[in-house]
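Here the structure is laid out as structure tokens; the discussion comes afterwards.
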Amino acid sequence: MSDMLAWMKVKADLLWGIAITVVVGVISVIVAGMIYRKSASRRQLDGVHKDIRAIRAAVQRMREAPPWPERIWGVPIARNRYFTGRRDLLAQLRASLSDRRVVAMYGLGGVGKTQIALEYCFEYGHEYHVVWWVRAEEIPALTMDLAALGSKLGLDDSRGAGATASAAKAWLEQHRDWLLVLDNAQSPSEVAGYIPSVGTGHVIITTRHPDWVDVLPLHVEDMLPEEAVAFLLKRTERVSAGGAPQLTGDLGYLPLALEQAGAYMLATGLSFIDYAALYRQSEAAMMSRGGPLIGYNKTVVTTWGASLEKAVAEAPFARDLLGICAFLAPEDIPTAHLVSAAENEVSFRDAVAALHRYSLVDLEDGALTIHRLVQSVVRGGLNEERTSITMLCIDIPH
Ligand SMILES: Nc1ncnc2c1ncn2[C@@H]1O[C@H](COP(=O)(O)OP(=O)(O)OP(=O)(O)O)[C@@H](O)[C@H]1O
Ligand SMILES: [Mg+2]
């Protein structure tokens, strides 16, 4: 009996022991869970505190940063209500700007660079705090326009426009969300000192000069055939496209030539077919005519004439070289065959470089390409005797 009692006591002790162990275990798990939850929520709380501290610091930084001006819109040119097409280039420009900050749109005079930059300002200007247009063709105008931005920002410097322009540039370097257009820049070296060198604002350069360093180049070429027809219809306020595809092709899909033809047809009432017939009789003469043009004060003939004179001033053989190219098939003219027409190879290479600098010819893999319309304008303006003598000197392969 006593054995039985002893056995039962041991059993009861064992059960108690097990029960106590289980209870202690459960309590430990609950307490551990509570501790864990507490430290997890502690960590969460720390995270929230960290976020609050970061937000406070950002607010403080914003308070200390120079105050934002009112929205500033400095585009002195009206939007072109006849603007047509160029969607690909506008999209490319937008993507390139967010990528590279400074983009140089280059191409032949009259191909539509300025118009694309202008349309970009009107389409995307609302995304910027400051949109400012600078005439970059001549340095005095460039300085004045940049100084005008300085004045607008309250940064007038008593030392003059140059100092105010520098203050504007420094301001741009310290701020973001601005767009600066340097329109019709002649060369990289002329405008380099005016491009804000740091910061995240966007710069669009329009230029005929094809070679830029540290700037993303964007080649602007002729309109697409369907864009050209749509533009001509819009510009002449006509609905029937009869003869327009042929005429736009004759005009090389070049926007300025289309603008001139459109303005002329609007003024004279000529149909597309009649204009095309007249154009074929005298291409160069028609390209020196137009009505009042939208956004451009030169004709195809005068604008390219001015480029050619500049190229000739830099390299005298440029005139003869362009004259020769005007009579050859326009694409991929191998330069090797033309060298013999020049006095020596140096003056030849100088002439190639000068024509390329003004986008009068494209240069790729040692071959020249000339726009068909440039050819006809040059042919129309050439002294025939001079051309034929020069042509005799070309080394035509047999
Ligand atoms: N997309 C377009 N839609 C309608 N018209 C256009 C378009 N692009 C150009 N034009 C017409 O052609 C003219 C010449 O275009 P723009 O001034 O843009 O040429 P550019 O390439 O800047 O020439 P430049 O090298 O001489 O500055 C414009 O004034 C406008 O009338
Ligand atoms: Mg321009």
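Every chain in the structure tokens has a letter given in the order shown (A, B, ...), and although residue numbers restart at 1 in each chain, ligands are simply numbered from 1 in the order shown.
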
**Request:** Can you tell me which residues come within 6 Å of ligand 2 when counting only C-alpha atoms and all ligand atoms, ideally as a ChimeraX atom specification?
**Result:** /A:113-114,184

Keeping only C-alpha atoms, write the selected residues to a file as a compact mmCIF listing (two decimals), in the first residue's frame.
# COMPACT_ATOMS: atom_id res chain seq x y z
CA LYS A 113 15.30 73.43 -85.91
CA THR A 114 14.05 76.68 -84.39
CA ASN A 184 20.75 79.71 -83.92

**Prompt:** Which residues form the shell of 9 Å around ligand 1 when you count only C-alpha atoms and all ligand atoms, given as a ChimeraX atom specification?
**Reply:** /A:80-86,105-119,137,183-185,206-208,220,223,227-228,231-232,234-235,254-260,293-298,300,303-304,358-359

**Backbone-only DSSP, helix (DSSP H, G or I) members of range 56-256 of chain A, as number ranges by chain** = A: 56-64, 87-100, 113-127, 139-152, 161-174, 188-194, 225-236, 244-250, 255-256

**Asked** Within 9 Å of Leu146 in chain A, counting only C-alpha atoms, which residues qualify if same-chain residues fewer than 2 places away don't, as a ChimeraX atom specification?
**Response** /A:132-134,141-144,148-151,161-162,164-166,168-169,194

Using only N, CA and C atoms, please write the residues we just selected to a file, as a PDB file, in the first residue's frame.
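After the write, result.pdb holds the following:
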ATOM      1  N   TRP A 132      13.269  80.180 -70.879  1.00  0.00           N
ATOM      2  CA  TRP A 132      13.882  81.414 -71.382  1.00  0.00           C
ATOM      3  C   TRP A 132      14.520  81.197 -72.740  1.00  0.00           C
ATOM      4  N   TRP A 133      14.217  82.082 -73.671  1.00  0.00           N
ATOM      5  CA  TRP A 133      14.692  81.973 -75.056  1.00  0.00           C
ATOM      6  C   TRP A 133      15.798  82.995 -75.284  1.00  0.00           C
ATOM      7  N   VAL A 134      16.903  82.537 -75.841  1.00  0.00           N
ATOM      8  CA  VAL A 134      18.056  83.426 -76.061  1.00  0.00           C
ATOM      9  C   VAL A 134      18.437  83.392 -77.538  1.00  0.00           C
ATOM     10  N   ALA A 141      23.701  89.910 -78.740  1.00  0.00           N
ATOM     11  CA  ALA A 141      22.289  89.580 -78.496  1.00  0.00           C
ATOM     12  C   ALA A 141      22.172  88.495 -77.433  1.00  0.00           C
ATOM     13  N   LEU A 142      23.092  87.533 -77.507  1.00  0.00           N
ATOM     14  CA  LEU A 142      23.086  86.442 -76.527  1.00  0.00           C
ATOM     15  C   LEU A 142      23.260  87.015 -75.105  1.00  0.00           C
ATOM     16  N   THR A 143      24.247  87.907 -74.964  1.00  0.00           N
ATOM     17  CA  THR A 143      24.523  88.511 -73.652  1.00  0.00           C
ATOM     18  C   THR A 143      23.308  89.299 -73.175  1.00  0.00           C
ATOM     19  N   MET A 144      22.727  90.079 -74.100  1.00  0.00           N
ATOM     20  CA  MET A 144      21.575  90.910 -73.721  1.00  0.00           C
ATOM     21  C   MET A 144      20.397  90.045 -73.250  1.00  0.00           C
ATOM     22  N   ALA A 148      18.760  89.887 -69.628  1.00  0.00           N
ATOM     23  CA  ALA A 148      17.334  90.179 -69.388  1.00  0.00           C
ATOM     24  C   ALA A 148      16.759  89.168 -68.409  1.00  0.00           C
ATOM     25  N   LEU A 149      17.227  87.915 -68.482  1.00  0.00           N
ATOM     26  CA  LEU A 149      16.789  86.922 -67.496  1.00  0.00           C
ATOM     27  C   LEU A 149      17.300  87.318 -66.113  1.00  0.00           C
ATOM     28  N   GLY A 150      18.569  87.774 -66.069  1.00  0.00           N
ATOM     29  CA  GLY A 150      19.142  88.243 -64.793  1.00  0.00           C
ATOM     30  C   GLY A 150      18.289  89.348 -64.187  1.00  0.00           C
ATOM     31  N   SER A 151      17.883  90.307 -65.015  1.00  0.00           N
ATOM     32  CA  SER A 151      17.053  91.423 -64.517  1.00  0.00           C
ATOM     33  C   SER A 151      15.731  90.892 -63.986  1.00  0.00           C
ATOM     34  N   ALA A 161      25.740  94.548 -68.681  1.00  0.00           N
ATOM     35  CA  ALA A 161      24.981  93.379 -69.157  1.00  0.00           C
ATOM     36  C   ALA A 161      25.773  92.081 -68.991  1.00  0.00           C
ATOM     37  N   GLY A 162      27.092  92.145 -69.253  1.00  0.00           N
ATOM     38  CA  GLY A 162      27.912  90.937 -69.155  1.00  0.00           C
ATOM     39  C   GLY A 162      27.842  90.349 -67.753  1.00  0.00           C
ATOM     40  N   THR A 164      25.519  90.916 -65.473  1.00  0.00           N
ATOM     41  CA  THR A 164      24.160  90.446 -65.155  1.00  0.00           C
ATOM     42  C   THR A 164      23.906  89.089 -65.824  1.00  0.00           C
ATOM     43  N   ALA A 165      24.429  88.929 -67.051  1.00  0.00           N
ATOM     44  CA  ALA A 165      24.284  87.635 -67.738  1.00  0.00           C
ATOM     45  C   ALA A 165      25.004  86.536 -66.942  1.00  0.00           C
ATOM     46  N   SER A 166      26.194  86.854 -66.427  1.00  0.00           N
ATOM     47  CA  SER A 166      26.926  85.853 -65.623  1.00  0.00           C
ATOM     48  C   SER A 166      26.149  85.501 -64.368  1.00  0.00           C
ATOM     49  N   ALA A 168      22.933  85.565 -64.073  1.00  0.00           N
ATOM     50  CA  ALA A 168      21.809  84.706 -64.488  1.00  0.00           C
ATOM     51  C   ALA A 168      22.295  83.268 -64.659  1.00  0.00           C
ATOM     52  N   LYS A 169      23.465  83.130 -65.287  1.00  0.00           N
ATOM     53  CA  LYS A 169      24.010  81.784 -65.496  1.00  0.00           C
ATOM     54  C   LYS A 169      24.276  81.102 -64.140  1.00  0.00           C
ATOM     55  N   TYR A 194      28.413  80.244 -72.082  1.00  0.00           N
ATOM     56  CA  TYR A 194      27.084  80.701 -71.634  1.00  0.00           C
ATOM     57  C   TYR A 194      26.190  79.547 -71.181  1.00  0.00           C
TER      58      TYR A 194
END

**Nearest-residue call for Asp214 in chain A, choices A:Val103, A:Leu363, A:Leu180, A:Ile77, using only C-alpha atoms** =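 Once distances to Asp214 in chain A are computed over only C-alpha atoms, the minimum belongs to A:Val103.
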
**Nearest to Ala336 in chain A by atom-to-atom distance, counting only C-alpha atoms, from A:Asp177, A:Asp365, A:Asp51, A:Asp274** =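 Closest to Ala336 in chain A, using only C-alpha atoms: A:Asp365.
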
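Here CA of Met286 in chain A is placed at a distance of 22.7 Å from CA of Glu226 in chain A.
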
**Prompt:** In terms of the shortest atom-to-atom distance over only C-alpha atoms, which of A:Pro330, A:Arg176, A:Lys50, A:Arg100 is closest to Val215 in chain A?
**Reply:** A:Arg100

Give the strand (DSSP E or B) residues of range 311-383 of chain A, as DSSP finds them on the backbone, and put them as a CSV table (one decimal) with C-alpha atoms, in the first residue's frame.
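out13.csv written:
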chain,number,residue,atom,x,y,z
A,333,ILE,CA,30.1,61.8,-103.3
A,334,PRO,CA,33.5,60.3,-102.6
A,361,VAL,CA,26.9,69.2,-97.0
A,362,ASP,CA,26.8,66.2,-94.7
A,363,LEU,CA,30.0,64.3,-94.3
A,364,GLU,CA,30.1,60.6,-93.5
A,367,ALA,CA,31.8,61.0,-98.6
A,368,LEU,CA,29.7,64.1,-99.1
A,369,THR,CA,25.9,64.3,-99.3
A,370,ILE,CA,24.3,67.5,-100.5

**Asked** Which polymer residues have any atom within 10 Å of an atom of Val378 in chain A, counting only C-alpha atoms, with same-chain residues fewer than 3 positions away left out, as a PyMOL selection string?
**Response** chain A and resi 284+301+304-305+308+319+322-327+372-375+381-383

Based on the selection just made, write C-alpha atoms of those residues as an mmCIF file, in the first residue's frame.
data_model
loop_
_atom_site.group_PDB
_atom_site.id
_atom_site.type_symbol
_atom_site.label_atom_id
_atom_site.label_comp_id
_atom_site.auth_asym_id
_atom_site.auth_seq_id
_atom_site.Cartn_x
_atom_site.Cartn_y
_atom_site.Cartn_z
ATOM 1 C CA ALA A 284 16.336 79.033 -108.083
ATOM 2 C CA VAL A 301 18.401 81.430 -101.520
ATOM 3 C CA TRP A 304 22.093 79.477 -97.792
ATOM 4 C CA GLY A 305 23.879 82.284 -99.647
ATOM 5 C CA LEU A 308 28.154 79.924 -98.227
ATOM 6 C CA ARG A 319 32.482 77.944 -103.379
ATOM 7 C CA LEU A 322 29.828 73.320 -103.573
ATOM 8 C CA GLY A 323 29.487 74.230 -107.254
ATOM 9 C CA ILE A 324 30.950 70.886 -108.272
ATOM 10 C CA CYS A 325 28.738 68.965 -105.824
ATOM 11 C CA ALA A 326 25.706 70.718 -107.285
ATOM 12 C CA PHE A 327 26.216 68.823 -110.567
ATOM 13 C CA ARG A 372 18.851 68.297 -103.672
ATOM 14 C CA LEU A 373 17.465 71.773 -103.147
ATOM 15 C CA VAL A 374 20.872 73.176 -102.196
ATOM 16 C CA GLN A 375 22.078 71.754 -105.506
ATOM 17 C CA GLY A 381 23.408 81.121 -108.826
ATOM 18 C CA LEU A 382 26.585 79.889 -110.450
ATOM 19 C CA ASN A 383 28.647 81.546 -113.039
#

**Fill in**
From the list A:Glu343, A:Asp145, A:Asp332, A:Glu221, the nearest residue to Asp88 in chain A using only C-alpha atoms is A:Glu221

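Across the model, the gap from CA of Glu70 in chain A to CA of Asp99 in chain A is 26.6 Å.
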